[in-house]
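Asks: Just one file: final_16.txt, with compact mmCIF, C-alpha atoms.
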# COMPACT_ATOMS: atom_id res chain seq x y z
CA MET A 1 61.40 75.20 96.46
CA THR A 2 59.03 77.41 94.48
CA ASP A 3 60.30 80.31 92.34
CA ALA A 4 59.00 82.85 94.88
CA GLN A 5 60.76 81.04 97.75
CA ASP A 6 63.94 80.84 95.72
CA CYS A 7 63.71 84.55 94.99
CA THR A 8 63.25 85.39 98.70
CA ARG A 9 66.22 83.19 99.60
CA ILE A 10 68.43 84.87 96.99
CA LYS A 11 67.35 88.33 98.20
CA MET A 12 68.37 87.41 101.77
CA ILE A 13 71.70 85.98 100.63
CA ASP A 14 72.51 89.09 98.57
CA ALA A 15 71.60 91.36 101.49
CA ALA A 16 73.73 89.29 103.87
CA ILE A 17 76.80 89.36 101.57
CA LYS A 18 76.45 93.13 101.16
CA LEU A 19 76.13 93.82 104.90
CA PHE A 20 78.71 91.26 106.05
CA ASN A 21 81.19 92.89 103.65
CA ALA A 22 80.42 96.39 104.88
CA GLN A 23 79.98 95.82 108.62
CA GLY A 24 81.50 92.40 109.26
CA TYR A 25 79.56 89.30 110.33
CA SER A 26 79.38 90.23 114.04
CA GLY A 27 78.41 93.81 113.22
CA THR A 28 75.37 92.71 111.20
CA SER A 29 72.09 91.67 112.85
CA VAL A 30 69.31 89.45 111.48
CA ARG A 31 67.11 92.57 111.57
CA ASP A 32 69.61 94.46 109.34
CA ILE A 33 69.62 91.65 106.78
CA CYS A 34 65.82 91.38 106.64
CA HIS A 35 65.46 95.15 106.44
CA GLU A 36 67.95 95.30 103.55
CA ALA A 37 66.24 92.37 101.77
CA ASN A 38 62.80 93.76 102.62
CA VAL A 39 61.54 90.46 104.04
CA ASN A 40 60.00 89.36 107.34
CA PRO A 41 62.68 88.57 110.02
CA ALA A 42 60.96 85.24 110.74
CA LEU A 43 62.08 84.03 107.30
CA ILE A 44 65.73 83.80 108.38
CA SER A 45 64.91 80.91 110.70
CA TYR A 46 62.63 79.36 108.05
CA TYR A 47 65.36 79.31 105.40
CA PHE A 48 68.60 79.13 107.38
CA GLY A 49 67.79 78.34 111.01
CA SER A 50 69.76 81.35 112.30
CA LYS A 51 72.34 83.99 111.31
CA LYS A 52 75.01 81.33 111.87
CA GLY A 53 73.11 78.98 109.58
CA LEU A 54 73.08 81.66 106.90
CA LEU A 55 76.83 82.17 107.30
CA GLU A 56 77.44 78.41 107.01
CA SER A 57 75.25 78.23 103.95
CA LEU A 58 77.22 81.03 102.23
CA LEU A 59 80.61 79.48 102.98
CA VAL A 60 79.59 75.95 102.00
CA GLN A 61 77.96 77.14 98.78
CA PHE A 62 81.12 79.03 97.79
CA PHE A 63 83.48 76.12 98.41
CA GLU A 64 81.19 73.43 96.96
CA GLU A 65 81.05 75.21 93.62
CA TYR A 66 84.74 76.13 93.69
CA LEU A 67 85.86 72.55 94.36
CA HIS A 68 83.42 71.25 91.78
CA ILE A 69 85.10 73.46 89.15
CA LEU A 70 88.59 72.23 90.06
CA GLU A 71 87.52 68.57 90.18
CA GLU A 72 85.74 68.82 86.85
CA THR A 73 88.80 70.42 85.25
CA LEU A 74 90.96 67.59 86.55
CA ALA A 75 88.56 64.94 85.23
CA GLU A 76 87.94 66.40 81.80
CA GLN A 77 91.57 67.39 81.13
CA GLY A 78 92.97 64.12 82.42
CA GLU A 79 95.44 63.57 79.58
CA HIS A 80 96.66 67.16 79.19
CA CYS A 81 100.14 68.18 80.23
CA ALA A 82 100.49 69.51 83.80
CA ARG A 83 101.17 73.06 82.61
CA GLN A 84 97.94 73.19 80.60
CA LEU A 85 95.96 71.58 83.42
CA LEU A 86 97.29 74.06 86.00
CA LEU A 87 96.57 77.05 83.75
CA THR A 88 93.00 75.85 83.14
CA CYS A 89 92.48 75.46 86.91
CA LEU A 90 93.84 78.98 87.54
CA LYS A 91 91.71 80.51 84.79
CA ARG A 92 88.49 78.88 85.97
CA ALA A 93 89.23 79.71 89.62
CA LEU A 94 89.70 83.38 88.67
CA ILE A 95 86.52 83.52 86.58
CA TYR A 96 84.51 81.85 89.34
CA GLN A 97 85.68 84.42 91.88
CA GLN A 98 85.14 87.28 89.43
CA GLU A 99 81.52 86.17 88.93
CA ASN A 100 81.06 86.00 92.72
CA HIS A 101 83.41 88.77 93.78
CA HIS A 102 81.37 90.09 96.72
CA LEU A 103 80.92 86.59 98.13
CA SER A 104 84.59 85.74 97.47
CA ARG A 105 85.80 88.74 99.43
CA PHE A 106 83.66 87.83 102.40
CA VAL A 107 84.59 84.13 102.32
CA HIS A 108 88.34 84.77 102.06
CA ARG A 109 88.17 87.21 104.96
CA GLU A 110 85.91 85.01 107.11
CA ILE A 111 88.13 81.93 106.88
CA THR A 112 90.98 83.85 108.54
CA ILE A 113 89.00 83.73 111.81
CA ASP A 114 89.61 80.73 114.06
CA THR A 115 86.21 79.07 114.62
CA MET A 116 84.97 75.48 114.64
CA LEU A 117 83.14 76.08 111.36
CA VAL A 118 86.28 77.41 109.67
CA ARG A 119 88.28 74.40 110.87
CA GLU A 120 85.71 72.09 109.33
CA LEU A 121 85.85 74.01 106.03
CA MET A 122 89.66 73.77 106.08
CA SER A 123 89.67 70.04 106.70
CA THR A 124 87.20 69.35 103.93
CA TYR A 125 87.43 71.93 101.14
CA LEU A 126 90.88 73.43 101.53
CA MET A 127 92.42 69.99 102.03
CA LYS A 128 90.77 68.92 98.77
CA GLU A 129 92.03 72.04 97.01
CA LYS A 130 95.53 71.28 98.28
CA HIS A 131 95.32 67.68 97.03
CA ILE A 132 94.24 68.82 93.58
CA PHE A 133 97.11 71.31 93.26
CA TYR A 134 99.47 68.75 94.78
CA HIS A 135 98.43 66.19 92.18
CA VAL A 136 98.96 68.61 89.27
CA LEU A 137 102.31 69.92 90.55
CA LYS A 138 103.59 66.42 91.38
CA ARG A 139 102.63 65.17 87.94
CA GLY A 140 104.46 68.13 86.37
CA MET A 141 107.58 67.36 88.40
CA ASP A 142 107.46 63.62 87.67
CA GLN A 143 107.06 64.27 83.95
CA HIS A 144 109.98 66.76 84.00
CA GLU A 145 107.74 69.67 83.02
CA PHE A 146 108.15 71.49 86.36
CA LYS A 147 111.29 72.13 88.37
CA LYS A 148 111.49 70.24 91.66
CA GLN A 149 110.55 72.67 94.43
CA PRO A 150 108.85 72.41 97.85
CA ILE A 151 105.23 71.75 96.82
CA ASP A 152 103.64 73.10 100.03
CA PHE A 153 105.25 76.49 99.53
CA ILE A 154 104.17 76.59 95.88
CA ILE A 155 100.58 75.82 96.91
CA ILE A 156 100.68 78.53 99.61
CA GLN A 157 101.95 80.99 97.00
CA LEU A 158 99.37 79.85 94.43
CA ARG A 159 96.54 80.25 96.90
CA GLY A 160 97.81 83.73 97.79
CA MET A 161 97.94 84.72 94.11
CA LEU A 162 94.47 83.32 93.44
CA THR A 163 92.74 84.97 96.38
CA MET A 164 94.65 88.30 96.64
CA PRO A 165 92.67 90.25 93.98
CA PHE A 166 89.35 89.21 95.52
CA LEU A 167 90.25 89.48 99.20
CA HIS A 168 91.94 92.84 98.64
CA PRO A 169 90.02 94.66 95.86
CA GLN A 170 90.27 97.91 97.78
CA TYR A 171 94.07 97.76 98.09
CA ILE A 172 94.30 97.06 94.36
CA ARG A 173 91.95 99.95 93.58
CA GLU A 174 93.27 102.58 95.98
CA VAL A 175 96.97 101.82 95.67
CA HIS A 176 97.35 100.44 92.14
CA HIS A 177 94.31 102.07 90.49
CA LEU A 178 93.11 98.78 89.04
CA VAL A 179 89.67 97.20 89.39
CA SER A 180 90.24 93.58 90.21
CA HIS A 181 86.91 92.09 89.14
CA GLU A 182 86.83 93.76 85.72
CA GLN A 183 87.56 91.78 82.60
CA TYR A 184 90.73 93.68 81.59
CA PHE A 185 92.23 93.02 85.03
CA ILE A 186 91.40 89.30 84.89
CA ASN A 187 92.92 89.05 81.39
CA HIS A 188 96.15 90.79 82.38
CA TYR A 189 96.37 88.93 85.66
CA LEU A 190 95.94 85.62 83.90
CA GLN A 191 98.73 86.55 81.49
CA TYR A 192 100.89 87.35 84.50
CA LEU A 193 100.05 83.99 86.14
CA THR A 194 100.83 82.19 82.87
CA GLN A 195 104.18 83.91 82.73
CA TRP A 196 104.80 82.94 86.36
CA VAL A 197 103.98 79.29 85.59
CA ASP A 198 106.26 79.35 82.53
CA SER A 199 109.25 81.08 84.04
CA TYR A 200 109.03 79.97 87.66
CA LEU A 201 107.59 76.47 87.54
CA CYS A 202 108.44 75.11 84.09
CA ILE A 203 111.79 73.70 83.17
CA ARG A 204 112.90 75.72 80.17
CA THR A 205 112.82 73.75 76.98
CA LYS A 206 116.32 73.39 75.57
CA VAL A 207 117.35 76.20 73.24
CA LYS A 208 116.76 74.99 69.71
CA VAL A 209 119.62 75.35 67.27
CA PRO A 210 118.37 77.82 64.65
CA THR A 211 117.59 76.15 61.30
CA PHE A 212 120.15 78.13 59.30
CA VAL A 213 122.98 76.83 61.49
CA ARG A 214 121.95 73.24 60.88
CA ALA A 215 121.52 73.99 57.18
CA THR A 216 125.07 75.23 56.78
CA THR A 217 126.40 72.26 58.75
CA VAL A 218 124.67 69.95 56.29
CA MET B 1 103.72 108.22 130.58
CA THR B 2 104.73 106.44 133.81
CA ASP B 3 105.78 102.78 133.80
CA ALA B 4 102.50 101.78 135.49
CA GLN B 5 100.47 103.66 132.86
CA ASP B 6 102.51 102.12 130.10
CA CYS B 7 101.92 98.68 131.59
CA THR B 8 98.14 99.26 131.75
CA ARG B 9 98.11 100.49 128.14
CA ILE B 10 100.04 97.41 126.96
CA LYS B 11 97.70 95.11 128.90
CA MET B 12 94.69 96.69 127.16
CA ILE B 13 96.34 96.45 123.73
CA ASP B 14 97.22 92.78 124.25
CA ALA B 15 93.68 92.00 125.40
CA ALA B 16 92.21 93.86 122.41
CA ILE B 17 94.42 92.02 119.89
CA LYS B 18 93.51 88.68 121.44
CA LEU B 19 89.76 89.35 121.43
CA PHE B 20 89.62 91.09 118.03
CA ASN B 21 91.38 88.05 116.57
CA ALA B 22 89.00 85.59 118.21
CA GLN B 23 85.68 87.43 117.92
CA GLY B 24 86.28 90.15 115.33
CA TYR B 25 86.29 93.89 116.02
CA SER B 26 82.49 94.29 115.97
CA GLY B 27 82.00 91.21 118.10
CA THR B 28 84.19 92.57 120.90
CA SER B 29 82.91 95.13 123.43
CA VAL B 30 84.88 97.62 125.54
CA ARG B 31 83.67 95.65 128.56
CA ASP B 32 85.18 92.40 127.14
CA ILE B 33 88.55 94.08 126.60
CA CYS B 34 88.68 95.58 130.11
CA HIS B 35 87.55 92.31 131.66
CA GLU B 36 90.29 90.41 129.77
CA ALA B 37 92.91 93.05 130.72
CA ASN B 38 91.57 93.25 134.27
CA VAL B 39 91.32 97.06 134.20
CA ASN B 40 88.56 99.59 134.84
CA PRO B 41 86.41 100.21 131.69
CA ALA B 42 86.81 103.97 132.14
CA LEU B 43 90.49 103.58 131.21
CA ILE B 44 89.65 102.87 127.55
CA SER B 45 88.45 106.44 127.08
CA TYR B 46 91.41 107.75 129.10
CA TYR B 47 93.99 106.04 126.91
CA PHE B 48 92.29 105.70 123.52
CA GLY B 49 89.13 107.82 123.53
CA SER B 50 86.94 104.89 122.44
CA LYS B 51 87.01 101.36 120.99
CA LYS B 52 87.47 102.97 117.57
CA GLY B 53 90.40 105.00 118.93
CA LEU B 54 91.97 101.79 120.20
CA LEU B 55 91.53 100.17 116.77
CA GLU B 56 93.11 103.18 115.06
CA SER B 57 95.99 103.14 117.50
CA LEU B 58 96.68 99.44 116.77
CA LEU B 59 96.61 99.88 113.00
CA VAL B 60 98.72 103.04 112.97
CA GLN B 61 101.28 101.54 115.35
CA PHE B 62 101.65 98.47 113.12
CA PHE B 63 102.13 100.43 109.90
CA GLU B 64 104.35 103.14 111.41
CA GLU B 65 106.88 100.55 112.57
CA TYR B 66 106.59 98.49 109.39
CA LEU B 67 107.24 101.49 107.12
CA HIS B 68 110.05 102.65 109.37
CA ILE B 69 111.78 99.28 108.87
CA LEU B 70 111.46 99.46 105.08
CA GLU B 71 112.59 103.11 104.90
CA GLU B 72 115.56 102.44 107.15
CA THR B 73 116.60 99.48 105.01
CA LEU B 74 116.43 101.64 101.90
CA ALA B 75 118.50 104.39 103.51
CA GLU B 76 121.19 102.23 105.05
CA GLN B 77 121.59 99.90 102.06
CA GLY B 78 121.56 102.73 99.52
CA GLU B 79 124.45 101.43 97.43
CA HIS B 80 123.61 97.73 97.49
CA CYS B 81 122.39 95.95 94.38
CA ALA B 82 118.60 95.79 93.96
CA ARG B 83 118.49 92.04 94.62
CA GLN B 84 120.24 92.41 97.97
CA LEU B 85 118.10 95.40 98.91
CA LEU B 86 114.87 93.56 98.08
CA LEU B 87 115.93 90.46 100.01
CA THR B 88 116.81 92.55 103.08
CA CYS B 89 113.40 94.26 102.91
CA LEU B 90 111.63 90.89 102.66
CA LYS B 91 113.62 89.40 105.52
CA ARG B 92 112.98 92.33 107.86
CA ALA B 93 109.29 92.49 106.90
CA LEU B 94 108.92 88.78 107.74
CA ILE B 95 110.75 89.09 111.07
CA TYR B 96 108.68 92.14 112.04
CA GLN B 97 105.46 90.27 111.38
CA GLN B 98 106.74 87.16 113.15
CA GLU B 99 107.49 89.23 116.25
CA ASN B 100 104.00 90.73 116.10
CA HIS B 101 102.11 87.80 114.60
CA HIS B 102 98.85 88.27 116.52
CA LEU B 103 98.70 91.95 115.64
CA SER B 104 99.71 91.23 112.02
CA ARG B 105 96.87 88.79 111.54
CA PHE B 106 94.35 91.26 112.84
CA VAL B 107 95.72 94.19 110.82
CA HIS B 108 95.85 92.24 107.54
CA ARG B 109 92.29 91.09 108.04
CA GLU B 110 90.97 94.48 109.17
CA ILE B 111 92.29 96.35 106.14
CA THR B 112 90.16 94.19 103.83
CA ILE B 113 87.08 96.02 105.19
CA ASP B 114 86.03 99.16 103.36
CA THR B 115 85.97 101.99 105.93
CA MET B 116 87.18 105.60 105.96
CA LEU B 117 89.99 104.67 108.35
CA VAL B 118 91.20 101.86 106.06
CA ARG B 119 91.16 104.22 103.06
CA GLU B 120 93.34 106.66 104.97
CA LEU B 121 95.77 103.87 105.90
CA MET B 122 95.92 102.79 102.25
CA SER B 123 96.63 106.27 100.97
CA THR B 124 99.40 106.87 103.48
CA TYR B 125 101.13 103.64 104.48
CA LEU B 126 100.34 101.24 101.66
CA MET B 127 101.09 103.89 99.05
CA LYS B 128 104.48 104.40 100.74
CA GLU B 129 105.08 100.64 100.79
CA LYS B 130 104.27 100.51 97.08
CA HIS B 131 106.68 103.38 96.33
CA ILE B 132 109.49 101.64 98.20
CA PHE B 133 109.00 98.35 96.34
CA TYR B 134 108.53 100.28 93.08
CA HIS B 135 111.82 102.07 93.64
CA VAL B 136 113.72 98.83 94.33
CA LEU B 137 112.16 96.92 91.41
CA LYS B 138 112.63 99.82 88.97
CA ARG B 139 116.28 100.18 89.99
CA GLY B 140 116.78 96.45 89.44
CA MET B 141 115.22 96.68 85.98
CA ASP B 142 117.20 99.80 85.01
CA GLN B 143 120.46 98.18 86.13
CA HIS B 144 119.62 94.99 84.18
CA GLU B 145 119.48 92.90 87.34
CA PHE B 146 115.74 92.18 87.04
CA LYS B 147 113.70 91.16 84.00
CA LYS B 148 111.27 93.81 82.75
CA GLN B 149 107.81 92.86 83.99
CA PRO B 150 104.65 94.74 85.01
CA ILE B 151 105.72 96.27 88.34
CA ASP B 152 102.21 96.64 89.79
CA PHE B 153 101.56 92.93 89.43
CA ILE B 154 104.91 92.07 90.99
CA ILE B 155 104.11 94.31 93.97
CA ILE B 156 100.65 92.73 94.34
CA GLN B 157 102.28 89.30 94.30
CA LEU B 158 105.01 90.39 96.72
CA ARG B 159 102.46 91.79 99.16
CA GLY B 160 100.48 88.56 98.92
CA MET B 161 103.59 86.49 99.65
CA LEU B 162 104.61 88.72 102.56
CA THR B 163 101.21 88.75 104.28
CA MET B 164 99.89 85.24 103.50
CA PRO B 165 101.66 83.36 106.36
CA PHE B 166 100.47 85.92 108.93
CA LEU B 167 96.95 86.52 107.63
CA HIS B 168 96.36 82.79 107.19
CA PRO B 169 98.29 80.97 109.96
CA GLN B 170 95.37 78.63 110.47
CA TYR B 171 95.25 77.54 106.82
CA ILE B 172 98.98 76.91 106.92
CA ARG B 173 98.66 74.92 110.15
CA GLU B 174 95.53 72.89 109.40
CA VAL B 175 96.20 72.18 105.73
CA HIS B 176 99.99 72.16 105.45
CA HIS B 177 100.88 71.23 109.05
CA LEU B 178 103.36 74.10 109.35
CA VAL B 179 103.49 76.81 112.04
CA SER B 180 103.99 80.08 110.23
CA HIS B 181 105.41 82.20 113.04
CA GLU B 182 108.02 79.66 114.14
CA GLN B 183 111.66 80.19 113.26
CA TYR B 184 112.05 77.11 111.04
CA PHE B 185 109.09 78.25 108.93
CA ILE B 186 110.48 81.78 108.55
CA ASN B 187 113.89 80.37 107.55
CA HIS B 188 112.44 78.04 104.94
CA TYR B 189 110.01 80.62 103.68
CA LEU B 190 112.79 83.15 103.28
CA GLN B 191 114.81 80.60 101.32
CA TYR B 192 111.77 80.10 99.11
CA LEU B 193 111.38 83.87 98.59
CA THR B 194 115.10 84.16 97.77
CA GLN B 195 114.73 81.45 95.20
CA TRP B 196 111.67 83.24 93.79
CA VAL B 197 113.64 86.50 93.50
CA ASP B 198 116.55 84.70 91.83
CA SER B 199 114.64 82.61 89.35
CA TYR B 200 111.61 84.80 88.69
CA LEU B 201 112.89 88.37 88.95
CA CYS B 202 116.61 88.16 88.25
CA ILE B 203 118.09 87.94 84.80
CA ARG B 204 120.19 84.79 84.88
CA THR B 205 123.89 85.40 84.85
CA LYS B 206 125.50 83.70 81.87
CA VAL B 207 126.52 80.08 82.50
CA LYS B 208 130.22 79.98 83.30
CA VAL B 209 132.32 77.52 81.32
CA PRO B 210 133.60 75.01 83.90
CA THR B 211 137.32 75.40 84.62
CA PHE B 212 138.28 71.87 83.52
CA VAL B 213 136.85 72.50 80.03
CA ARG B 214 138.97 75.62 79.63
CA ALA B 215 141.95 73.74 81.01
CA THR B 216 141.77 71.01 78.38
CA THR B 217 141.25 73.58 75.63
CA VAL B 218 144.50 75.25 76.68
Now that the file is in, can you turn its structure into structure tokens?

Replies:
Amino acid sequence: MTDAQDCTRIKMIDAAIKLFNAQGYSGTSVRDICHEANVNPALISYYFGSKKGLLESLLVQFFEEYLHILEETLAEQGEHCARQLLLTCLKRALIYQQENHHLSRFVHREITIDTMLVRELMSTYLMKEKHIFYHVLKRGMDQHEFKKQPIDFIIIQLRGMLTMPFLHPQYIREVHHLVSHEQYFINHYLQYLTQWVDSYLCIRTKVKVPTFVRATTV
Amino acid sequence: MTDAQDCTRIKMIDAAIKLFNAQGYSGTSVRDICHEANVNPALISYYFGSKKGLLESLLVQFFEEYLHILEETLAEQGEHCARQLLLTCLKRALIYQQENHHLSRFVHREITIDTMLVRELMSTYLMKEKHIFYHVLKRGMDQHEFKKQPIDFIIIQLRGMLTMPFLHPQYIREVHHLVSHEQYFINHYLQYLTQWVDSYLCIRTKVKVPTFVRATTV
């Protein structure tokens, strides 16, 4: 693809994300997208086949990159403890969504609709995501880092915590007066997640006997 | 309203919830709804003014009842400890959504779209919901039942945990092979939430010395 073609494609994708977010997928026409992107309507079929093809392309692109980040983290941090591995996954997943917050919002909303396409995405990408989290949590439990708890429920909770700020930026803004894709929010939220991992998942390390007590005993 | 009118209204609401869930709000026409409900299209304007009026009626009805449940719990359990109060709120919020799981899914999805109507719902109902949870959490912290933690983040997490099974039933079914509106799921999920409240929010009560130890000491 030439630079000009790539640029046209990106312009159409940006216009689609903007309009899908504002009007919903069904409420947006091919004509709207091309008008917003200032391109010829014929180009939709050239680049994506149809509006549905464009939707599929957006969803697949989001999940491909997201899963790639998680898989890479798992591979490169193979020997780290489960706690560290999980925190790195959470951090990178947050940053990825922050960098693509308009797309994230649309994707998280769209996959709540029951269509054939969404089922396929579930059975490929979200199954993989589950297996990655399952692997990390199981390892933590086997190595006595994490308390034994029902893993499916932890993954459901984790997924809720990871997607909430990006699916619901408006709730967070209007009700809590916080802007969920800004850096200060991400930093504080990550601290909160770390604290959740430490106090909810991790087995507390045994209380150390303070040095002065041991000293007097000796 | 006569019984026959009430019945027609309910038939239209049920048809709308079904179609909005399957095709999205924008993707559903007044004609579709009346065809599904087997009523004359003119009745939409008689009962709801327009498709938008029907949408507003669905959203308001959901939140009115939901807030009523939370406010009633707060009033009737006024003297209970914060932990008990919070658990009763969570239990009733889950049961309410379970009983209205099709409507819940649609409402939770719809309020992620940025419209004037959604902003109004946020500033009335979701602000009230926040104040109720804030009140319970603050009381728990003041009475040294709960650990001091950033309340806004706890409420964001709580809301995520409460809505996740109903916004995302398909994810929970396809990926975790659980049916989120069935009774066994609600029971297990409530156990999980209880455990979350106890181990994440509550200050641990001091470990009691087992009776036999004290016995031998005596």

Asks: So how many Å separate atom CA of Leu94 of chain A and atom CA of Tyr184 of chain A, to one decimal?

Replies: 12.5 Å

Asks: Choose the residue, out of B:Leu190, B:Leu58, B:Ala22, B:Leu90, that has the smallest atom-to-atom separation from chain A; count all atoms listed in the file.

Replies: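 Using all atoms listed in the file, chain A sits closest to B:Ala22.
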
Asks: So which residues touch segment 25-28 of chain B within 7 Å, counting all atoms listed in the file, skipping near sequence neighbours fewer than 3 positions away, as a PDB file with C-alpha atoms, keeping the file's coordinate frame?

Replies:
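Result file is selection-v9.pdb:
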ATOM      1  CA  SER A  26      79.380  90.230 114.040  1.00  0.00           C
ATOM      2  CA  GLY A  27      78.410  93.810 113.220  1.00  0.00           C
TER       3      GLY A  27
ATOM      4  CA  LEU B  19      89.760  89.350 121.430  1.00  0.00           C
ATOM      5  CA  PHE B  20      89.620  91.090 118.030  1.00  0.00           C
ATOM      6  CA  ASP B  32      85.180  92.400 127.140  1.00  0.00           C
TER       7      ASP B  32
END

Asks: Could you name the residues that touch segment 102-108 of chain B at 8 Å or less, counting only C-alpha atoms, but leaving out those on the same chain fewer than 5 positions away, as a list of chain:residue names?

Replies: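 With the cut-off at 8 Å, the set is B:Ile17, B:Lys18, B:Phe20, B:Asn21, B:Leu58, B:Leu59, B:Phe62, B:Gln97, B:Thr163, B:Phe166, B:Leu167, B:His168.
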
Asks: Would you put the residues from that selection into a file with C-alpha atoms, as a compact mmCIF listing (two decimals), keeping the file's coordinate frame?

Replies:
# COMPACT_ATOMS: atom_id res chain seq x y z
CA ILE B 17 94.42 92.02 119.89
CA LYS B 18 93.51 88.68 121.44
CA PHE B 20 89.62 91.09 118.03
CA ASN B 21 91.38 88.05 116.57
CA LEU B 58 96.68 99.44 116.77
CA LEU B 59 96.61 99.88 113.00
CA PHE B 62 101.65 98.47 113.12
CA GLN B 97 105.46 90.27 111.38
CA THR B 163 101.21 88.75 104.28
CA PHE B 166 100.47 85.92 108.93
CA LEU B 167 96.95 86.52 107.63
CA HIS B 168 96.36 82.79 107.19

Asks: Give me the residues of chain B that have any atom at most 9 Å from an atom of chain A; for each, the nearest atom pair and the distance in Å, rounded to one decimal. Use all atoms listed in the file, sort by chain and number, and format it as CSV.

Replies:
residue,atom,partner,partner_atom,distance
B:Asn21,CA,A:Ile113,CA,6.9
B:Ala22,CA,A:Asp114,CA,6.4
B:Gln23,CA,A:Ile113,CA,7.9
B:Gly24,CA,A:Ser26,CA,7.0
B:Tyr25,CA,A:Ser26,CA,8.1
B:Ser26,CA,A:Gly27,CA,4.9
B:Gly27,CA,A:Ser26,CA,4.9
B:Thr28,CA,A:Ser26,CA,8.7
B:Arg105,CA,A:Thr112,CA,8.3
B:Arg109,CA,A:Arg109,CA,6.4
B:Glu110,CA,A:Arg109,CA,8.9
B:Ile111,CA,A:His168,CA,8.3
B:Thr112,CA,A:His168,CA,5.7
B:Ile113,CA,A:Ala22,CA,6.7
B:Asp114,CA,A:Ala22,CA,6.4
B:Thr115,CA,A:Ala22,CA,8.0
B:Arg119,CA,A:Glu174,CA,7.6
B:Met122,CA,A:Val175,CA,6.7
B:Ser123,CA,A:Val175,CA,6.9
B:Leu126,CA,A:Val175,CA,6.9
B:Met127,CA,A:Val175,CA,5.7
B:Lys130,CA,A:Val175,CA,7.5
B:Gln149,CA,A:Tyr192,CA,8.9
B:Pro150,CA,A:Tyr192,CA,8.3
B:Asp152,CA,A:His176,CA,6.6
B:Phe153,CA,A:Tyr192,CA,7.5
B:Ile154,CA,A:Tyr192,CA,9.0
B:Ile156,CA,A:Ile172,CA,7.7
B:Gln157,CA,A:Met161,CA,6.3
B:Arg159,CA,A:Met164,CA,8.9
B:Gly160,CA,A:Gly160,CA,5.6
B:Met161,CA,A:Gln157,CA,6.3
B:Thr163,CA,A:Gly160,CA,8.9
B:Met164,CA,A:Gly160,CA,6.3
B:Pro165,CA,A:Ile156,CA,8.4
B:Leu167,CA,A:Thr112,CA,6.6
B:His168,CA,A:Thr112,CA,5.6
B:Pro169,CA,A:Thr112,CA,8.0
B:Gln170,CA,A:Thr112,CA,7.1
B:Tyr171,CA,A:Met122,CA,6.8
B:Ile172,CA,A:Ile156,CA,7.7
B:Glu174,CA,A:Met122,CA,6.8
B:Val175,CA,A:Met127,CA,5.7
B:His176,CA,A:Asp152,CA,6.6
B:Tyr189,CA,A:Phe153,CA,7.5
B:Tyr192,CA,A:Phe153,CA,7.5
B:Trp196,CA,A:Tyr200,CA,7.4
B:Ser199,CA,A:Tyr200,CA,6.4
B:Tyr200,CA,A:Tyr200,CA,5.6

Asks: Could you tell me how far atom CA of Glu145 of chain B lies from atom CA of Arg83 of chain B, in Å and to one decimal?

Replies: 7.4 Å

Asks: Quick one, how far is atom CA of Leu74 of chain B from atom CA of Cys89 of chain B?

Replies: 8.0 Å

Asks: Using all atoms listed in the file, determine which residues lie at most 12 Å from Glu71 of chain A, disregarding the query and same-chain residues fewer than 2 positions distant; provide the list as a ChimeraX atom specification.

Replies: /A:63-69,73-78,85-86,88-89,92-93,125,128-133,135-136

Asks: Do a neighbour search on Ile151 of chain B at 8 Å with all atoms listed in the file, toss out local chain neighbours closer than 4 positions, and write the hits as a list in words.

Replies: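 Here the qualifying residues turn out to be Tyr134, Leu137, Lys138 and Ile155 of chain B.
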
Asks: Please give the centre and size of the box around segment 49-68 of chain A (axis-aligned, containing every atom listed in the file, 5 Å added per side), with values in Å to one decimal and written as JSON.

Replies:
{"center_x": 76.8, "center_y": 77.6, "center_z": 102.0, "size_x": 28.1, "size_y": 22.7, "size_z": 30.5}

Asks: Return the single residue from A:Ile186, A:Ala16, A:Ile203, A:Ala4 that is closest to Glu56 of chain A, with distances computed using only C-alpha atoms.

Replies: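 That would be A:Ala16, the residue with the smallest distance to Glu56 of chain A.
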